[in-house]
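**Q** Supplied in structure tokens, the structure appears directly below.
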Amino acid sequence: MIMNEQIKASEVLLTGINGEDLGIVTREEALALAKQYKVDLICTSLMSSPPPCKLISKGVAKQDASSQKREEKKKDQPLKAKEIRLTPHIEDHDYDTKLRQCEKLLASGNAVDLVVRIQGKEGAKAKELLEQLVKDLASSGKKETGIQLSGKQAAVRLLPV
């Protein structure tokens with residue numbers, strides 16, 4: 001963020017404290033106005049000529065920049081995947097509880113890994129259970145991977161819509 005004396009352009013396109021357009025003025029005039037109103041002169045973009053600048057009250061510019069930086073950092077983080085474990089012999093009430101849990105996680109922006117533990121020949125039942133869950137969660141999440149049966153578990157990953 002370039003502010004006050006750091007601005008090197010001879011002329012700037014100035015915007016006032018309340019958003020009013022003050023037109024193209026010299027750098028010295030803009031700095032004098034900033035001192036007169038006890039505010040900072042902030043350059044919003046270096047890509048145009050003359051560069052657009054704003055008069056913003058002291059501290060607000062730094063606060064805006066730090067909050068913007070925080071937002072960008074939050075967006076750059078990868079999706080967190082939460083694992084929900086089930087068994088093929090799940091009862092209706094437990095199924096509803098797991099379903100609500102999944103909806104809550106998907107609504108908060110997390111990916112959900114649904115994992116069903118398999119013993120013996122329960123593979124087909126586990127696959128049916130996962131297909132039913134994916135169908136019930138279609139409004140809040142979509143499948144990233146297909147249903148994977150491997151050894152002692154069946155799994156599928158859902159991403160938030």
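Residue numbering restarts at 1 for every chain of the structure tokens, chains are lettered A, B, ... in their displayed order, and ligands are numbered from 1 as they appear.
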Which residues, written as a CSV table (one decimal) with all heavy atoms, in the first residue's frame, have at least one atom at most 10 Å from Met1 in chain A, with only C-alpha atoms counted and residues fewer than 4 positions away on the same chain left out?

**A**
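Writing the result to selection_34.csv gives the following:
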```
chain,number,residue,atom,x,y,z
A,6,GLN,N,5.2,8.5,-0.2
A,6,GLN,CA,5.7,7.4,-1.0
A,6,GLN,C,5.2,7.5,-2.4
A,6,GLN,O,5.7,6.9,-3.3
A,6,GLN,CB,5.3,6.1,-0.4
A,6,GLN,CG,5.9,5.8,1.0
A,6,GLN,CD,5.3,4.5,1.6
A,6,GLN,OE1,4.3,4.0,1.2
A,6,GLN,NE2,6.1,4.0,2.6
A,7,ILE,N,4.1,8.2,-2.7
A,7,ILE,CA,3.6,8.4,-4.0
A,7,ILE,C,4.5,9.3,-4.8
A,7,ILE,O,4.8,10.4,-4.4
A,7,ILE,CB,2.1,9.0,-3.9
A,7,ILE,CG1,1.2,8.1,-3.1
A,7,ILE,CG2,1.6,9.3,-5.3
A,7,ILE,CD1,-0.1,8.7,-2.8
A,42,ILE,N,-3.8,7.8,0.0
A,42,ILE,CA,-3.6,6.5,-0.4
A,42,ILE,C,-3.7,6.3,-1.9
A,42,ILE,O,-4.7,6.6,-2.5
A,42,ILE,CB,-4.6,5.5,0.3
A,42,ILE,CG1,-4.6,5.7,1.8
A,42,ILE,CG2,-4.3,4.0,0.0
A,42,ILE,CD1,-3.4,5.4,2.6
A,43,CYS,N,-2.7,5.6,-2.5
A,43,CYS,CA,-2.7,5.3,-3.9
A,43,CYS,C,-3.4,4.0,-4.1
A,43,CYS,O,-3.0,3.0,-3.5
A,43,CYS,CB,-1.3,5.3,-4.5
A,43,CYS,SG,-1.3,5.0,-6.3
A,44,THR,N,-4.5,3.9,-4.8
A,44,THR,CA,-5.3,2.7,-5.0
A,44,THR,C,-4.8,1.8,-6.1
A,44,THR,O,-5.0,0.6,-6.1
A,44,THR,CB,-6.8,3.0,-5.2
A,44,THR,OG1,-6.9,3.8,-6.3
A,44,THR,CG2,-7.4,3.6,-3.9
A,45,SER,N,-4.2,2.3,-7.1
A,45,SER,CA,-3.7,1.5,-8.2
A,45,SER,C,-2.5,2.3,-9.0
A,45,SER,O,-2.6,3.5,-9.2
A,45,SER,CB,-4.8,1.3,-9.2
A,45,SER,OG,-4.3,0.6,-10.4
A,61,ALA,N,-7.0,3.0,6.6
A,61,ALA,CA,-6.3,2.4,5.5
A,61,ALA,C,-5.5,1.1,5.9
A,61,ALA,O,-5.6,0.1,5.2
A,61,ALA,CB,-5.4,3.4,4.8
A,62,LYS,N,-4.8,1.2,7.0
A,62,LYS,CA,-4.0,0.1,7.5
A,62,LYS,C,-5.0,-1.0,7.9
A,62,LYS,O,-4.7,-2.2,7.6
A,62,LYS,CB,-3.1,0.5,8.6
A,62,LYS,CG,-1.9,1.3,8.2
A,62,LYS,CD,-1.0,1.5,9.4
A,62,LYS,CE,0.2,2.4,8.9
A,62,LYS,NZ,1.1,2.7,10.1
A,65,ALA,N,-6.3,-2.8,4.8
A,65,ALA,CA,-5.3,-3.6,4.2
A,65,ALA,C,-5.1,-4.9,4.9
A,65,ALA,O,-4.9,-6.0,4.3
A,65,ALA,CB,-3.9,-2.8,4.1
```

**Q** Env of Leu114 in chain A: 9 Å cut, atoms = only C-alpha atoms, seq-sep filter 6 positions within chain, self excluded. Answer as a list in words.

**A**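 Listed by chain and then number, they are Lys82, Glu83, Ile84, Arg85, Leu86, Cys102, Leu130, Leu133, Ala154, Ala155, Val156, Arg157 and Leu158 of chain A.
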
**Q** Those selected residues, please, written with N, CA and C atoms and delivered as a CSV table (one decimal), in the first residue's frame.

**A**
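Below you can see selection00.csv, which holds the result:
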```csv
chain,number,residue,atom,x,y,z
A,82,LYS,N,-13.3,-33.6,6.6
A,82,LYS,CA,-13.7,-34.3,7.9
A,82,LYS,C,-14.2,-35.7,7.6
A,83,GLU,N,-13.8,-36.6,8.4
A,83,GLU,CA,-14.2,-38.0,8.2
A,83,GLU,C,-15.4,-38.4,9.1
A,84,ILE,N,-16.4,-39.0,8.4
A,84,ILE,CA,-17.5,-39.5,9.2
A,84,ILE,C,-17.5,-41.0,9.0
A,85,ARG,N,-17.4,-41.7,10.1
A,85,ARG,CA,-17.4,-43.2,10.0
A,85,ARG,C,-18.7,-43.8,10.3
A,86,LEU,N,-19.0,-44.9,9.5
A,86,LEU,CA,-20.3,-45.5,9.6
A,86,LEU,C,-20.1,-47.1,9.6
A,102,CYS,N,-23.2,-34.4,8.5
A,102,CYS,CA,-22.6,-34.2,7.2
A,102,CYS,C,-23.1,-32.9,6.6
A,130,LEU,N,-23.7,-45.9,1.2
A,130,LEU,CA,-23.0,-44.7,0.7
A,130,LEU,C,-23.8,-44.1,-0.4
A,133,LEU,N,-26.6,-42.2,1.1
A,133,LEU,CA,-26.1,-41.0,1.8
A,133,LEU,C,-25.8,-39.9,0.7
A,154,ALA,N,-15.2,-48.9,2.7
A,154,ALA,CA,-15.8,-48.3,1.5
A,154,ALA,C,-15.8,-46.8,1.8
A,155,ALA,N,-15.4,-46.0,0.8
A,155,ALA,CA,-15.3,-44.5,1.1
A,155,ALA,C,-15.7,-43.7,-0.1
A,156,VAL,N,-16.2,-42.5,0.1
A,156,VAL,CA,-16.5,-41.5,-0.9
A,156,VAL,C,-16.3,-40.1,-0.3
A,157,ARG,N,-15.9,-39.2,-1.1
A,157,ARG,CA,-15.6,-37.8,-0.7
A,157,ARG,C,-16.6,-36.9,-1.3
A,158,LEU,N,-17.2,-36.1,-0.4
A,158,LEU,CA,-18.2,-35.1,-0.9
A,158,LEU,C,-17.6,-33.7,-0.7
```

**Q** Can you check which residues of range 4-124 of chain A DSSP gives as helix (DSSP H, G or I) on the backbone and send them as a PyMOL selection string?

**A** chain A and resi 4-6+27-37+60-76+92-107+123-124

**Q** In Å to one decimal, how far is CA of Ala9 in chain A from CA of Glu71 in chain A?

**A**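 Atom-to-atom, CA of Glu71 in chain A to CA of Ala9 in chain A, that is 29.7 Å.
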
**Q** Expressed in Å to a single decimal, how great is the separation between CA of Glu5 in chain A and CA of Asp40 in chain A?

**A**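 The value is 9.9 Å.
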
**Q** Which residue is closest to Asp113 in chain A? Choose from A:Glu144, A:Asp94, A:Glu128, A:Asp136 and count only C-alpha atoms.

**A**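 For Asp113 in chain A, the nearest of the candidates is A:Glu144.
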
**Q** Using DSSP on the backbone coordinates, identify all residues within range 71-159 of chain A classified as strand (DSSP E); present the result as number ranges by chain.

**A** A: 81-86, 111-117, 141-143, 148-150, 153-159

**Q** Excluding Gln153 in chain A and its own-chain neighbours fewer than 5 positions away, which residues fall within 10 Å of it when counting only C-alpha atoms? Please give them as number ranges by chain.

**A** A: 85-87, 115-119, 122-123, 126-127, 148
